[in-house]
Structures are given as C-alpha cells and as structure tokens.
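The structure file coords21.cif is reproduced below (mmCIF, C-alpha atoms and all ligand atoms).
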```cif
data_start
loop_
_atom_site.label_atom_id
_atom_site.label_comp_id
_atom_site.auth_asym_id
_atom_site.auth_seq_id
_atom_site.Cartn_x
_atom_site.Cartn_y
_atom_site.Cartn_z
CA MET A 1 11.61 -18.74 13.36
CA ASN A 2 8.32 -17.74 11.76
CA ARG A 3 7.59 -19.42 8.45
CA VAL A 4 6.50 -17.11 5.63
CA SER A 5 5.43 -17.73 2.04
CA ILE A 6 4.61 -15.43 -0.85
CA ALA A 7 2.00 -15.97 -3.55
CA GLY A 8 2.94 -13.84 -6.55
CA ALA A 9 6.64 -13.72 -5.67
CA THR A 10 7.76 -12.74 -9.18
CA GLY A 11 5.93 -9.41 -9.43
CA TYR A 12 7.33 -6.07 -8.32
CA THR A 13 5.80 -6.19 -4.85
CA GLY A 14 6.67 -9.88 -4.41
CA ILE A 15 10.32 -9.21 -5.25
CA GLU A 16 10.36 -6.19 -2.93
CA LEU A 17 8.92 -8.35 -0.15
CA LEU A 18 11.71 -10.85 -0.71
CA ARG A 19 14.36 -8.11 -0.59
CA LEU A 20 13.10 -7.26 2.90
CA LEU A 21 12.43 -10.79 4.13
CA VAL A 22 15.79 -12.34 3.21
CA ARG A 23 17.37 -10.02 5.80
CA HIS A 24 14.59 -10.18 8.38
CA PRO A 25 15.95 -11.84 11.53
CA SER A 26 12.72 -13.57 12.62
CA VAL A 27 11.47 -15.26 9.47
CA ARG A 28 12.28 -18.20 7.23
CA ILE A 29 10.99 -18.26 3.65
CA VAL A 30 9.12 -21.45 2.78
CA SER A 31 7.20 -21.33 -0.54
CA LEU A 32 7.13 -18.90 -3.44
CA THR A 33 4.42 -19.10 -6.08
CA ALA A 34 4.14 -17.74 -9.61
CA GLU A 35 1.76 -18.02 -12.53
CA SER A 36 3.69 -17.84 -15.81
CA HIS A 37 7.07 -18.58 -14.20
CA VAL A 38 6.24 -21.83 -12.41
CA GLY A 39 9.19 -24.27 -12.35
CA ARG A 40 11.87 -21.61 -12.69
CA ASN A 41 14.25 -20.53 -9.93
CA ILE A 42 13.32 -17.23 -8.28
CA ALA A 43 16.83 -15.90 -8.93
CA GLU A 44 16.34 -16.35 -12.69
CA VAL A 45 13.17 -14.28 -12.65
CA ALA A 46 14.49 -11.81 -10.08
CA PRO A 47 18.27 -11.67 -10.69
CA SER A 48 18.63 -9.05 -7.94
CA LEU A 49 18.05 -11.89 -5.45
CA ALA A 50 20.75 -14.23 -6.80
CA GLY A 51 22.77 -15.61 -3.91
CA TYR A 52 20.04 -14.88 -1.38
CA LEU A 53 17.46 -17.49 -2.33
CA ASP A 54 17.37 -20.83 -4.11
CA HIS A 55 13.65 -21.57 -4.39
CA THR A 56 11.83 -23.11 -7.31
CA LEU A 57 8.59 -21.30 -8.09
CA VAL A 58 5.49 -23.41 -7.48
CA PRO A 59 1.88 -22.97 -8.57
CA LEU A 60 -0.56 -21.45 -6.12
CA ASP A 61 -2.68 -24.10 -4.44
CA ALA A 62 -4.32 -24.56 -1.05
CA SER A 63 -1.41 -26.55 0.39
CA ILE A 64 0.80 -23.47 0.78
CA GLY A 65 -1.57 -22.25 3.49
CA GLN A 66 -0.68 -25.30 5.58
CA ASP A 67 3.05 -24.94 6.01
CA CYS A 68 3.52 -21.27 6.87
CA ASP A 69 2.55 -18.89 9.66
CA ILE A 70 2.20 -15.80 7.45
CA LEU A 71 1.27 -15.84 3.79
CA PHE A 72 1.66 -12.70 1.68
CA LEU A 73 -0.61 -12.50 -1.35
CA ALA A 74 1.00 -10.26 -3.97
CA LEU A 75 -1.52 -11.18 -6.66
CA PRO A 76 -3.66 -9.08 -8.98
CA HIS A 77 -6.93 -8.05 -7.39
CA THR A 78 -9.77 -10.51 -7.95
CA ALA A 79 -7.18 -13.33 -8.07
CA SER A 80 -6.68 -13.17 -4.27
CA MET A 81 -10.29 -13.70 -3.28
CA ALA A 82 -10.49 -16.92 -5.28
CA HIS A 83 -7.94 -18.51 -2.94
CA VAL A 84 -8.25 -16.84 0.47
CA PRO A 85 -10.94 -19.03 2.13
CA GLU A 86 -9.13 -22.31 1.52
CA LEU A 87 -5.71 -20.80 2.31
CA LEU A 88 -7.05 -19.61 5.69
CA GLN A 89 -8.41 -23.10 6.33
CA GLY A 90 -4.84 -24.34 6.09
CA GLY A 91 -4.11 -22.42 9.30
CA CYS A 92 -1.96 -19.54 8.05
CA ARG A 93 -2.62 -15.83 8.57
CA ILE A 94 -2.70 -13.63 5.48
CA VAL A 95 -1.47 -10.21 4.46
CA ASP A 96 -3.16 -9.50 1.14
CA LEU A 97 -1.49 -6.79 -0.95
CA SER A 98 -4.31 -6.75 -3.47
CA ALA A 99 -7.48 -4.70 -3.12
CA ASP A 100 -9.76 -7.68 -2.48
CA TYR A 101 -10.33 -7.25 1.26
CA ARG A 102 -9.88 -3.48 1.75
CA LEU A 103 -13.48 -2.41 1.27
CA HIS A 104 -15.79 -3.61 4.03
CA ASP A 105 -18.93 -3.26 1.91
CA SER A 106 -19.32 -5.93 -0.78
CA GLN A 107 -21.70 -3.74 -2.76
CA VAL A 108 -19.09 -0.99 -3.00
CA TYR A 109 -16.53 -3.61 -4.04
CA GLY A 110 -18.84 -4.87 -6.79
CA GLU A 111 -19.47 -1.37 -8.05
CA TRP A 112 -15.80 -0.38 -8.32
CA TYR A 113 -14.19 -3.71 -9.23
CA LYS A 114 -16.95 -4.72 -11.68
CA THR A 115 -17.29 -8.18 -10.23
CA GLU A 116 -19.16 -9.73 -7.34
CA HIS A 117 -17.10 -10.47 -4.25
CA GLN A 118 -16.72 -14.23 -3.84
CA ASN A 119 -16.56 -14.29 -0.04
CA PRO A 120 -18.20 -11.13 1.30
CA GLU A 121 -18.36 -12.55 4.83
CA LEU A 122 -14.58 -12.12 5.02
CA LEU A 123 -14.90 -8.39 4.31
CA LYS A 124 -16.36 -8.03 7.81
CA GLU A 125 -13.42 -9.83 9.34
CA SER A 126 -10.50 -8.32 7.39
CA VAL A 127 -8.56 -5.48 9.01
CA TYR A 128 -7.43 -2.48 6.95
CA GLY A 129 -3.66 -2.66 7.36
CA LEU A 130 -2.69 0.94 7.93
CA PRO A 131 -0.83 0.61 11.25
CA GLU A 132 -1.01 4.33 12.04
CA LEU A 133 -4.82 4.05 12.23
CA HIS A 134 -5.53 0.38 12.98
CA ARG A 135 -2.54 -0.90 14.96
CA SER A 136 -4.55 -2.47 17.76
CA SER A 137 -6.69 -4.60 15.42
CA ILE A 138 -3.85 -5.73 13.17
CA GLY A 139 -2.04 -7.66 15.91
CA SER A 140 -4.75 -10.29 16.30
CA ALA A 141 -6.05 -10.33 12.71
CA ARG A 142 -6.21 -13.46 10.59
CA LEU A 143 -6.63 -11.47 7.37
CA VAL A 144 -4.99 -8.07 6.88
CA ALA A 145 -5.82 -6.04 3.78
CA ASN A 146 -2.71 -4.07 2.96
CA PRO A 147 -3.77 -0.59 1.74
CA GLY A 148 -3.36 0.67 -1.80
CA CYS A 149 -0.43 2.95 -2.53
CA TYR A 150 -2.48 6.09 -3.23
CA PRO A 151 -4.75 5.56 -0.20
CA THR A 152 -1.72 5.18 2.07
CA GLY A 153 -0.30 8.54 0.98
CA VAL A 154 -3.63 10.39 0.97
CA ILE A 155 -5.05 9.03 4.23
CA LEU A 156 -1.85 9.72 6.18
CA ALA A 157 -1.81 13.27 4.77
CA ALA A 158 -5.44 14.03 5.63
CA ALA A 159 -6.06 12.09 8.86
CA PRO A 160 -4.79 14.68 11.39
CA LEU A 161 -7.00 17.39 9.88
CA ILE A 162 -10.11 15.25 9.70
CA GLN A 163 -9.85 13.65 13.11
CA THR A 164 -9.80 17.04 14.86
CA GLY A 165 -12.57 18.41 12.68
CA TRP A 166 -10.36 21.37 11.69
CA GLY A 167 -10.59 20.38 8.06
CA ASP A 168 -13.83 20.20 6.08
CA ALA A 169 -13.85 16.54 5.04
CA ASP A 170 -16.29 17.27 2.19
CA SER A 171 -13.74 19.55 0.54
CA ILE A 172 -10.87 17.07 0.15
CA VAL A 173 -9.09 17.10 -3.21
CA ALA A 174 -6.17 14.69 -3.59
CA ASP A 175 -3.84 15.25 -6.52
CA CYS A 176 -1.39 12.34 -6.73
CA LYS A 177 1.57 11.34 -8.87
CA SER A 178 2.86 7.78 -9.08
CA GLY A 179 5.92 6.10 -10.50
CA VAL A 180 5.36 3.53 -13.24
CA SER A 181 6.16 0.51 -11.00
CA GLY A 182 2.77 1.23 -9.43
CA ALA A 183 1.23 -0.51 -12.41
CA GLY A 184 3.11 -3.76 -11.75
CA ARG A 185 5.50 -5.85 -13.84
CA LYS A 186 2.97 -7.25 -16.31
CA LEU A 187 3.06 -5.70 -19.77
CA SER A 188 0.71 -2.91 -20.74
CA GLN A 189 0.73 -0.21 -23.37
CA THR A 190 0.70 2.76 -20.96
CA THR A 191 3.77 1.54 -19.10
CA GLN A 192 5.98 0.94 -22.13
CA PHE A 193 9.08 3.15 -22.15
CA CYS A 194 8.03 5.33 -25.09
CA GLU A 195 4.56 5.90 -23.65
CA ALA A 196 5.61 6.70 -20.07
CA ASN A 197 8.97 8.39 -20.52
CA GLU A 198 9.20 12.22 -20.72
CA GLY A 199 5.49 12.74 -20.29
CA VAL A 200 3.00 13.13 -17.46
CA SER A 201 -0.57 11.95 -17.80
CA ALA A 202 -3.70 12.07 -15.70
CA TYR A 203 -5.81 8.92 -15.66
CA GLY A 204 -8.83 7.48 -13.88
CA LEU A 205 -10.22 10.94 -13.06
CA ALA A 206 -13.35 10.71 -10.92
CA GLU A 207 -13.47 6.94 -11.42
CA HIS A 208 -10.34 5.43 -9.90
CA ARG A 209 -11.01 2.47 -7.60
CA HIS A 210 -8.86 3.97 -4.85
CA ALA A 211 -11.45 6.71 -4.24
CA PRO A 212 -13.85 4.46 -2.28
CA GLU A 213 -10.93 3.07 -0.28
CA ILE A 214 -9.83 6.56 0.77
CA GLU A 215 -13.46 7.50 1.44
CA GLN A 216 -13.99 4.47 3.68
CA GLU A 217 -11.18 5.53 6.00
CA ILE A 218 -11.87 9.27 5.88
CA SER A 219 -15.57 8.59 6.62
CA ARG A 220 -14.57 6.57 9.67
CA LEU A 221 -12.43 9.45 10.94
CA ALA A 222 -15.13 12.02 10.21
CA ALA A 223 -17.85 9.73 11.64
CA ARG A 224 -20.09 10.32 8.59
CA ASP A 225 -20.14 9.46 4.90
CA ILE A 226 -17.62 11.47 2.91
CA THR A 227 -16.80 11.60 -0.77
CA ILE A 228 -13.56 13.05 -2.08
CA THR A 229 -12.04 14.12 -5.38
CA PHE A 230 -9.05 11.97 -6.33
CA SER A 231 -6.86 12.63 -9.38
CA PRO A 232 -4.01 10.18 -10.09
CA HIS A 233 -1.19 10.90 -12.54
CA LEU A 234 1.49 8.69 -14.04
CA MET A 235 5.01 10.13 -13.79
CA PRO A 236 8.10 9.17 -15.78
CA MET A 237 9.89 7.71 -12.77
CA THR A 238 10.29 4.14 -11.57
CA ARG A 239 9.18 4.49 -7.94
CA GLY A 240 7.64 7.09 -5.72
CA LEU A 241 4.24 8.53 -4.99
CA LEU A 242 3.60 12.17 -4.18
CA SER A 243 0.21 13.34 -2.91
CA THR A 244 -0.84 16.96 -2.65
CA VAL A 245 -4.02 17.08 -0.60
CA TYR A 246 -6.17 20.21 -0.37
CA VAL A 247 -8.57 20.61 2.56
CA ASN A 248 -10.62 23.72 3.40
CA LEU A 249 -10.13 24.83 6.99
CA LYS A 250 -13.18 25.41 9.15
CA GLN A 251 -11.31 27.92 11.29
CA GLU A 252 -8.24 30.12 10.91
CA ILE A 253 -5.09 28.15 11.68
CA ASP A 254 -1.61 29.24 10.73
CA ARG A 255 1.07 27.02 9.33
CA ASP A 256 3.04 26.72 12.56
CA ARG A 257 -0.01 25.66 14.55
CA LEU A 258 -0.91 23.11 11.87
CA HIS A 259 2.65 21.85 11.87
CA GLU A 260 2.61 21.42 15.66
CA HIS A 261 -0.60 19.46 15.38
CA TYR A 262 0.84 17.11 12.73
CA GLU A 263 3.95 16.59 14.81
CA ALA A 264 1.87 15.70 17.86
CA PHE A 265 -0.44 13.41 15.86
CA TYR A 266 2.47 11.39 14.48
CA GLU A 267 4.83 11.78 17.44
CA LYS A 268 4.98 8.06 18.24
CA GLU A 269 4.93 6.82 14.65
CA PRO A 270 8.27 5.31 13.64
CA PHE A 271 7.62 5.65 9.92
CA VAL A 272 5.94 9.02 9.54
CA ARG A 273 8.29 12.00 9.37
CA VAL A 274 6.66 15.39 9.64
CA LEU A 275 8.97 17.80 7.84
CA PRO A 276 10.01 21.15 9.35
CA PRO A 277 7.77 24.15 8.47
CA GLY A 278 8.50 25.35 4.96
CA ARG A 279 9.65 21.97 3.64
CA PHE A 280 7.47 19.84 1.41
CA ALA A 281 7.47 16.16 0.62
CA ASN A 282 9.81 14.79 -2.05
CA THR A 283 9.78 11.20 -3.35
CA HIS A 284 13.60 11.19 -3.56
CA PHE A 285 13.95 11.18 0.20
CA VAL A 286 11.78 8.15 0.92
CA ALA A 287 12.84 5.85 -1.94
CA GLY A 288 13.50 2.28 -0.83
CA SER A 289 12.25 2.96 2.71
CA ASN A 290 9.09 2.53 4.75
CA PHE A 291 8.85 6.26 5.47
CA CYS A 292 5.97 8.55 4.70
CA ASP A 293 7.22 12.16 4.72
CA ILE A 294 4.61 14.85 5.29
CA GLY A 295 4.97 18.59 4.71
CA VAL A 296 2.23 21.04 5.67
CA GLN A 297 1.27 24.49 4.42
CA VAL A 298 -1.67 26.86 4.87
CA ASP A 299 -2.94 28.92 1.96
CA THR A 300 -4.19 31.70 4.24
CA ARG A 301 -5.81 33.75 1.44
CA ASN A 302 -8.13 30.84 0.70
CA ARG A 303 -8.22 29.38 4.21
CA ARG A 304 -7.10 26.02 2.88
CA ALA A 305 -4.54 23.49 4.12
CA ILE A 306 -2.20 22.01 1.53
CA ILE A 307 -0.63 18.80 2.78
CA THR A 308 2.03 16.96 0.82
CA SER A 309 3.04 13.36 1.45
CA ALA A 310 5.68 11.21 -0.20
CA ILE A 311 6.04 7.44 -0.06
CA ASP A 312 7.74 4.78 -2.12
CA ASN A 313 4.77 3.02 -3.77
CA LEU A 314 6.52 -0.35 -3.60
CA MET A 315 7.50 0.12 0.06
CA LYS A 316 5.17 2.04 2.42
CA GLY A 317 2.71 1.84 -0.49
CA ALA A 318 2.95 -1.98 -0.58
CA SER A 319 5.70 -4.36 0.56
CA SER A 320 7.36 -2.69 3.55
CA GLN A 321 3.94 -1.77 4.92
CA ALA A 322 3.06 -5.48 4.52
CA VAL A 323 6.15 -6.39 6.56
CA GLN A 324 5.18 -3.76 9.17
CA ASN A 325 1.80 -5.52 9.38
CA MET A 326 3.47 -8.93 9.62
CA ASN A 327 5.63 -7.69 12.51
CA LEU A 328 2.52 -6.55 14.37
CA MET A 329 0.71 -9.84 13.67
CA LEU A 330 3.66 -11.85 15.00
CA GLY A 331 4.10 -9.65 18.07
CA LEU A 332 7.56 -8.55 16.93
CA GLU A 333 9.04 -5.06 17.24
CA GLU A 334 7.18 -3.13 14.53
CA THR A 335 10.35 -1.78 12.96
CA VAL A 336 12.26 -5.07 12.62
CA GLY A 337 13.70 -5.50 9.15
CA LEU A 338 12.51 -2.06 8.11
CA ASP A 339 15.19 0.23 9.42
CA THR A 340 17.02 0.80 6.15
CA PRO A 341 17.41 4.50 5.32
CA PRO A 342 16.13 5.75 1.96
CA VAL A 343 18.35 5.51 -1.13
CA PHE A 344 19.57 8.90 -2.35
CA PRO A 345 20.30 10.06 -5.01
N1 LIG B 1 3.02 -2.08 -7.74
C1 LIG B 1 2.65 -1.33 -6.72
O1 LIG B 1 3.20 -0.23 -6.48
C2 LIG B 1 1.54 -1.76 -5.83
C3 LIG B 1 0.82 -2.92 -6.06
N2 LIG B 1 -0.18 -3.28 -5.21
C4 LIG B 1 -0.97 -4.50 -5.44
O2 LIG B 1 -0.19 -5.64 -5.13
C5 LIG B 1 -0.55 -6.74 -5.98
C6 LIG B 1 0.71 -7.21 -6.73
O3 LIG B 1 1.17 -6.10 -7.51
P1 LIG B 1 2.49 -6.16 -8.39
O4 LIG B 1 3.54 -6.92 -7.68
O5 LIG B 1 2.76 -4.77 -8.81
O6 LIG B 1 1.95 -7.02 -9.64
P2 LIG B 1 2.79 -7.78 -10.78
O7 LIG B 1 1.96 -7.78 -11.98
O8 LIG B 1 4.15 -7.18 -10.84
O9 LIG B 1 2.91 -9.29 -10.20
C7 LIG B 1 1.81 -10.15 -10.10
C8 LIG B 1 2.22 -11.50 -9.51
O10 LIG B 1 1.09 -12.37 -9.43
C9 LIG B 1 1.29 -13.53 -10.25
N3 LIG B 1 0.00 -13.78 -10.91
C10 LIG B 1 -0.55 -13.08 -11.94
N4 LIG B 1 -1.79 -13.54 -12.20
C11 LIG B 1 -2.03 -14.55 -11.33
C12 LIG B 1 -3.12 -15.42 -11.10
N5 LIG B 1 -4.25 -15.33 -11.82
N6 LIG B 1 -3.02 -16.37 -10.13
C13 LIG B 1 -1.89 -16.47 -9.39
N7 LIG B 1 -0.81 -15.67 -9.55
C14 LIG B 1 -0.89 -14.71 -10.50
C15 LIG B 1 2.41 -13.20 -11.21
O11 LIG B 1 3.12 -14.37 -11.55
P3 LIG B 1 4.02 -14.48 -12.94
O12 LIG B 1 5.07 -13.40 -12.84
O13 LIG B 1 4.62 -15.84 -12.87
O14 LIG B 1 3.08 -14.29 -14.08
C16 LIG B 1 3.25 -12.27 -10.32
O15 LIG B 1 4.02 -13.02 -9.42
C17 LIG B 1 -1.64 -6.21 -6.93
O16 LIG B 1 -2.90 -6.51 -6.41
C18 LIG B 1 -1.38 -4.70 -6.90
O17 LIG B 1 -2.50 -3.97 -7.27
C19 LIG B 1 -0.47 -2.57 -4.09
C20 LIG B 1 0.21 -1.40 -3.81
C21 LIG B 1 1.24 -0.89 -4.69
C1 LIG B 2 0.62 3.76 -11.53
C2 LIG B 2 -0.51 2.80 -11.38
O1 LIG B 2 -1.02 2.25 -12.34
N1 LIG B 2 -0.93 2.55 -10.13
C3 LIG B 2 -2.00 1.62 -9.82
C4 LIG B 2 -2.21 1.57 -8.33
C5 LIG B 2 -1.32 0.60 -7.60
C6 LIG B 2 -1.97 0.09 -6.34
O2 LIG B 2 -1.81 0.45 -5.21
O3 LIG B 2 -2.91 -0.75 -6.61
P1 LIG B 2 -3.85 -1.73 -5.89
O4 LIG B 2 -5.04 -1.04 -5.37
O5 LIG B 2 -4.23 -2.63 -7.00
O6 LIG B 2 -3.15 -2.44 -4.84
C7 LIG B 2 -3.33 2.05 -10.43
O7 LIG B 2 -3.57 3.24 -10.64
O8 LIG B 2 -4.17 1.14 -10.59
#
```

Do you think you could lay out the structure here as structure tokens?
Amino acid sequence: MNRVSIAGATGYTGIELLRLLVRHPSVRIVSLTAESHVGRNIAEVAPSLAGYLDHTLVPLDASIGQDCDILFLALPHTASMAHVPELLQGGCRIVDLSADYRLHDSQVYGEWYKTEHQNPELLKESVYGLPELHRSSIGSARLVANPGCYPTGVILAAAPLIQTGWGDADSIVADCKSGVSGAGRKLSQTTQFCEANEGVSAYGLAEHRHAPEIEQEISRLAARDITITFSPHLMPMTRGLLSTVYVNLKQEIDRDRLHEHYEAFYEKEPFVRVLPPGRFANTHFVAGSNFCDIGVQVDTRNRRAIITSAIDNLMKGASSQAVQNMNLMLGLEETVGLDTPPVFP
C-alpha cells in the first residue's frame, strides 16, 4: 500500500481528494493537516466523509513529509512554497495543487503573484502536471505542479490546433466560466450566496494569473513566445468550468476535418472525450468526473475555430487530475480510482 497524506485536507479540493482516495485500492491515508481546524476530526469538518475516515487534523509541519510516499498540498498559493523544500527533504514526493510551482520562470511568478518565489531552483525541477502533455516526465517527478482549473480547460481545448500549426497561436481568445467552488471554501464577499446567485460576472480581465500559465504551455507547443487573451467569469453554479476558445485558422479547414484531427490527437487519452460533430461541451456531463469534454466548430465566414471544453473544476481542474498524476508517479494504471461516471442531473 502506498502511504498518502494531504496538507489542506479541509478545503474543497482537499475534501474532493479524500472522496477519491478513500476508495482508491492502492493507497492508505496517513496524515491530514488543517490550519483553523487543527484538533478536530475530519468528519466533523467534512461531514460527507463520516464513516470513511477517523483522522484528527494536525498542523502542517515538516514531519509529515517523512511518513508518506505521496503528499498532496491543497493549500493556498504562496503557502505551499514555504513548506516544500523541507517536506521534500523528508523523502516524500509532492503533488502541489496550488500555483506555486507551475510557472518555470521565477520572474514571471513574481510579476503575477506579487511576491518573490522562495525557492526558485525548484521551478526548474517541477513538472507541469497535465498528463495529456507531460505524461512521460510526471512518472519520475519528485514535485508535480497540478495545473490550474482554467489552464486545464483552455490548454486541452487549444493544444491540437497549436501543435499542428493550423491555428494562429497569437489569436487565441479564451472565454471561460467557472462555478463558485473554484474560489475555495474560505469566506469572501464575491462568493456569498446573494452576490453570486442569479448573476454572472466577469473578473480579472487582462490580468488574471492563469494567463501566464496558459501562455507557458501554449508557447511550448508553438515553439515561440505567445500571449493570449483570457476572460474568466463567475457563474451561479457550484461546480463546473466551461471554456470557449477562439483561434484563427491559418488555412481553410472544415468542421469534420477539424473534428477528425481532435479525435486522432486525443485517441489514446482515457479522460478526454471529443464530442461528435455538432455537439458542444456542457458542464453537466462531466460533473464529479475526471473527464474533459471537447466540442469543435468552425466559423467558416471568419475562418476561425471555436473550441469548447468542459471540466469539473474540483476534479479534472484539481483533485482528480492530482490523483491521475499520483497514479503515474506510483507506476499504477492511470485510471485507477478515477473511473466513476459523471453525476447527472
Ligand atoms: N477550488 C478549485 O476549484 C481549485 C483550487 N485550486 C487550488 O488548490 C488549492 C486549494 O484550494 P481549495 O481547496 O479550493 O482552497 P480552500 O480555501 O477551500 O482550502 C484551503 C486549505 O488550506 C488550509 N490552509 C489555509 N491557509 C493555510 C496556511 N497558511 N497554511 C496551511 N494550511 C492552510 C485550510 O485549512 P482550514 O480549513 O483549517 O483553515 C484548508 O484546508 C489552492 O491553491 C487553489 O488555488 C486549483 C484548482 C481548482
Ligand atoms: C472562480 C474562481 O475564483 N476561480 C479561481 C481559480 C481556481 C484555480 O484553479 O486556482 P489556482 O490557480 O489558485 O489553483 C480564480 O479565479 O482565482
């Protein structure tokens, strides 16, 4: 049995990790940490897990890196990097769900996260944990940076067009809508019921910190520096993330040809479902699962591809993708513990 621990077990992604891990056949849960809930039982703070776990929440310190094989960090960004070096010294391998190790350039990190990175040398070592693009490096990694929810949806939507050079990478516009759980369990004014319910709002336009993360991966695919336009929106729903990605086509391609290309690109991917021509992504049909559904269309009048992708922000956008990464790191079947179908309705 592989020993796993979670730092930040009481947040939305931590609880979602636990939901998956309590039924995972190859792991045993060792330690669960919290910040404001230290000393309480996990089932008190996450009543959905009553009967599955009986762990007392402990504070995060270096010792938890010594008694587990895989440590998930489900902490706010900037909190992770304060602990990672000494946790790694304990001998564990880490899947970090925060943004602290996703950007390989510490200057870019400083610019977008408004603080200096505390261990920039680790940014060279960390592997960006999007299995569809980095599977071969994830298996042997000591530190995997689990992607952000928006970047997961946008990169998977755009990658097939950029890698072939059919799409003009400089023209990418990503219009995205997220459920409120994307903002985490901590209290904030924008996520209060009256503020979020029955309204849709744009936020972070032209300055959201997920833009450089998407650009890093798109630039790698395009083999040159790319900037994109990224527009996130908050939707009055609990989970789900829909991305509509616009890319100008460099040559005339019809929808069926584009669809064939997407099917071929993702043919071997267990968690990417390319929808039949004429169907577009819908967050309802991926909820609670590790799937990313992708629907393609061509706006022939404007010679532009319109790609839609849907994920569950807490699953493929965070916790189930983290388990997918863990499976690869442990040399397990990639789909173990992740084969639950989506919840509908
Ligand atoms: N929500 C989402 O859809 C996604 C989130 N992420 C990222 O995953 C990480 C976790 O997100 P999420 O679960 O939503 O966040 P939450 O706010 O729901 O949970 C945060 C967790 O971290 C603990 N914590 C808070 N501050 C500290 C600290 N300074 N030191 C140690 N522990 C601390 C909290 O403990 P306590 O409850 O005891 O206070 C809690 O367990 C974040 O970096 C987030 O950006 C990534 C993709 C999607
Ligand atoms: C709705 C909402 O607020 N979403 C979050 C993104 C969640 C996520 O993926 O964030 P990390 O990069 O921190 O992991 C946001 O816009 O900041």

Please produce, as a Markdown table, a per-residue contact table for chain A versus ligand LIG 1 (chain B) (criterion: any atom at most 6 Å away, all atoms listed in the file considered), showing the nearest atom pair and its distance in Å to one decimal, sorted by chain then residue number.
```
| residue | atom | partner | partner_atom | distance |
| --- | --- | --- | --- | --- |
| A:Gly8 | CA | B:LIG1 | O15 | 3.2 |
| A:Ala9 | CA | B:LIG1 | O15 | 4.6 |
| A:Thr10 | CA | B:LIG1 | O15 | 3.8 |
| A:Gly11 | CA | B:LIG1 | O9 | 3.1 |
| A:Tyr12 | CA | B:LIG1 | O4 | 3.9 |
| A:Thr13 | CA | B:LIG1 | O4 | 3.7 |
| A:Gly14 | CA | B:LIG1 | O4 | 5.4 |
| A:Ala34 | CA | B:LIG1 | O13 | 3.8 |
| A:Glu35 | CA | B:LIG1 | O13 | 3.6 |
| A:Ser36 | CA | B:LIG1 | O13 | 3.7 |
| A:His37 | CA | B:LIG1 | O13 | 3.9 |
| A:Ala74 | CA | B:LIG1 | C6 | 4.1 |
| A:Leu75 | CA | B:LIG1 | O10 | 4.0 |
| A:Pro76 | CA | B:LIG1 | O16 | 3.7 |
| A:His77 | CA | B:LIG1 | O16 | 4.4 |
| A:Ala79 | CA | B:LIG1 | N5 | 5.2 |
| A:Leu97 | CA | B:LIG1 | O2 | 4.5 |
| A:Ser98 | CA | B:LIG1 | O16 | 3.3 |
| A:Ala99 | CA | B:LIG1 | O16 | 5.9 |
| A:Gly148 | CA | B:LIG1 | C20 | 4.6 |
| A:Cys149 | CA | B:LIG1 | C20 | 4.6 |
| A:Ser181 | CA | B:LIG1 | N1 | 5.2 |
| A:Gly182 | CA | B:LIG1 | O1 | 3.3 |
| A:Ala183 | CA | B:LIG1 | N1 | 5.2 |
| A:Gly184 | CA | B:LIG1 | O5 | 3.1 |
| A:Arg185 | CA | B:LIG1 | O8 | 3.5 |
| A:Lys186 | CA | B:LIG1 | O7 | 4.5 |
| A:Asn313 | CA | B:LIG1 | O1 | 4.5 |
| A:Leu314 | CA | B:LIG1 | O1 | 4.4 |
| A:Gly317 | CA | B:LIG1 | C21 | 5.2 |
| A:Ala318 | CA | B:LIG1 | C20 | 4.3 |
```

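If all atoms listed in the file are the atoms counted, then among A:Trp112, A:Phe344, A:Tyr203, A:Trp166 the closest residue to ligand LIG 2 (chain B) is A:Tyr203.
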
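Minimum atom-to-atom distances from A:Glu16, A:Glu207, A:Asp67, A:Glu44 to Ile29 in chain A were compared using only C-alpha atoms, and the lowest value belongs to A:Asp67.
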
Ligand LIG 2 (chain B), all listed atoms, 5 Å padding on each side: what axis-aligned box centre and edge lengths in Å to one decimal come out, as JSON?
```
{"center_x": -2.2, "center_y": 0.6, "center_z": -8.6, "size_x": 15.7, "size_y": 16.4, "size_z": 17.5}
```

Closest of A:Lys177, A:Arg255, A:Arg273, A:Arg135 to ligand LIG 2 (chain B) - atom-to-atom distances counting all atoms listed in the file: A:Lys177

Who sits within 8 Å of Ala222 in chain A, only C-alpha atoms, same chain under 6 positions skipped, as an NGL selection string: :A and (162-163 or 165 or 169)

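When the distance limit is 12 Å and only C-alpha atoms are what count, the residues near Asp105 in chain A, minus those fewer than 2 positions from it on the same chain, are Asp100, Tyr101, Arg102, Leu103, Gln107, Val108, Tyr109, Gly110, Glu111, Trp112, Glu116, His117, Asn119, Pro120, Glu121, Leu122, Leu123, Lys124, Glu125, Ser126, Pro212, Glu213 and Gln216 of chain A.
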
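We find CA of Ser309 in chain A and CA of Cys292 in chain A to be spaced 6.5 Å apart.
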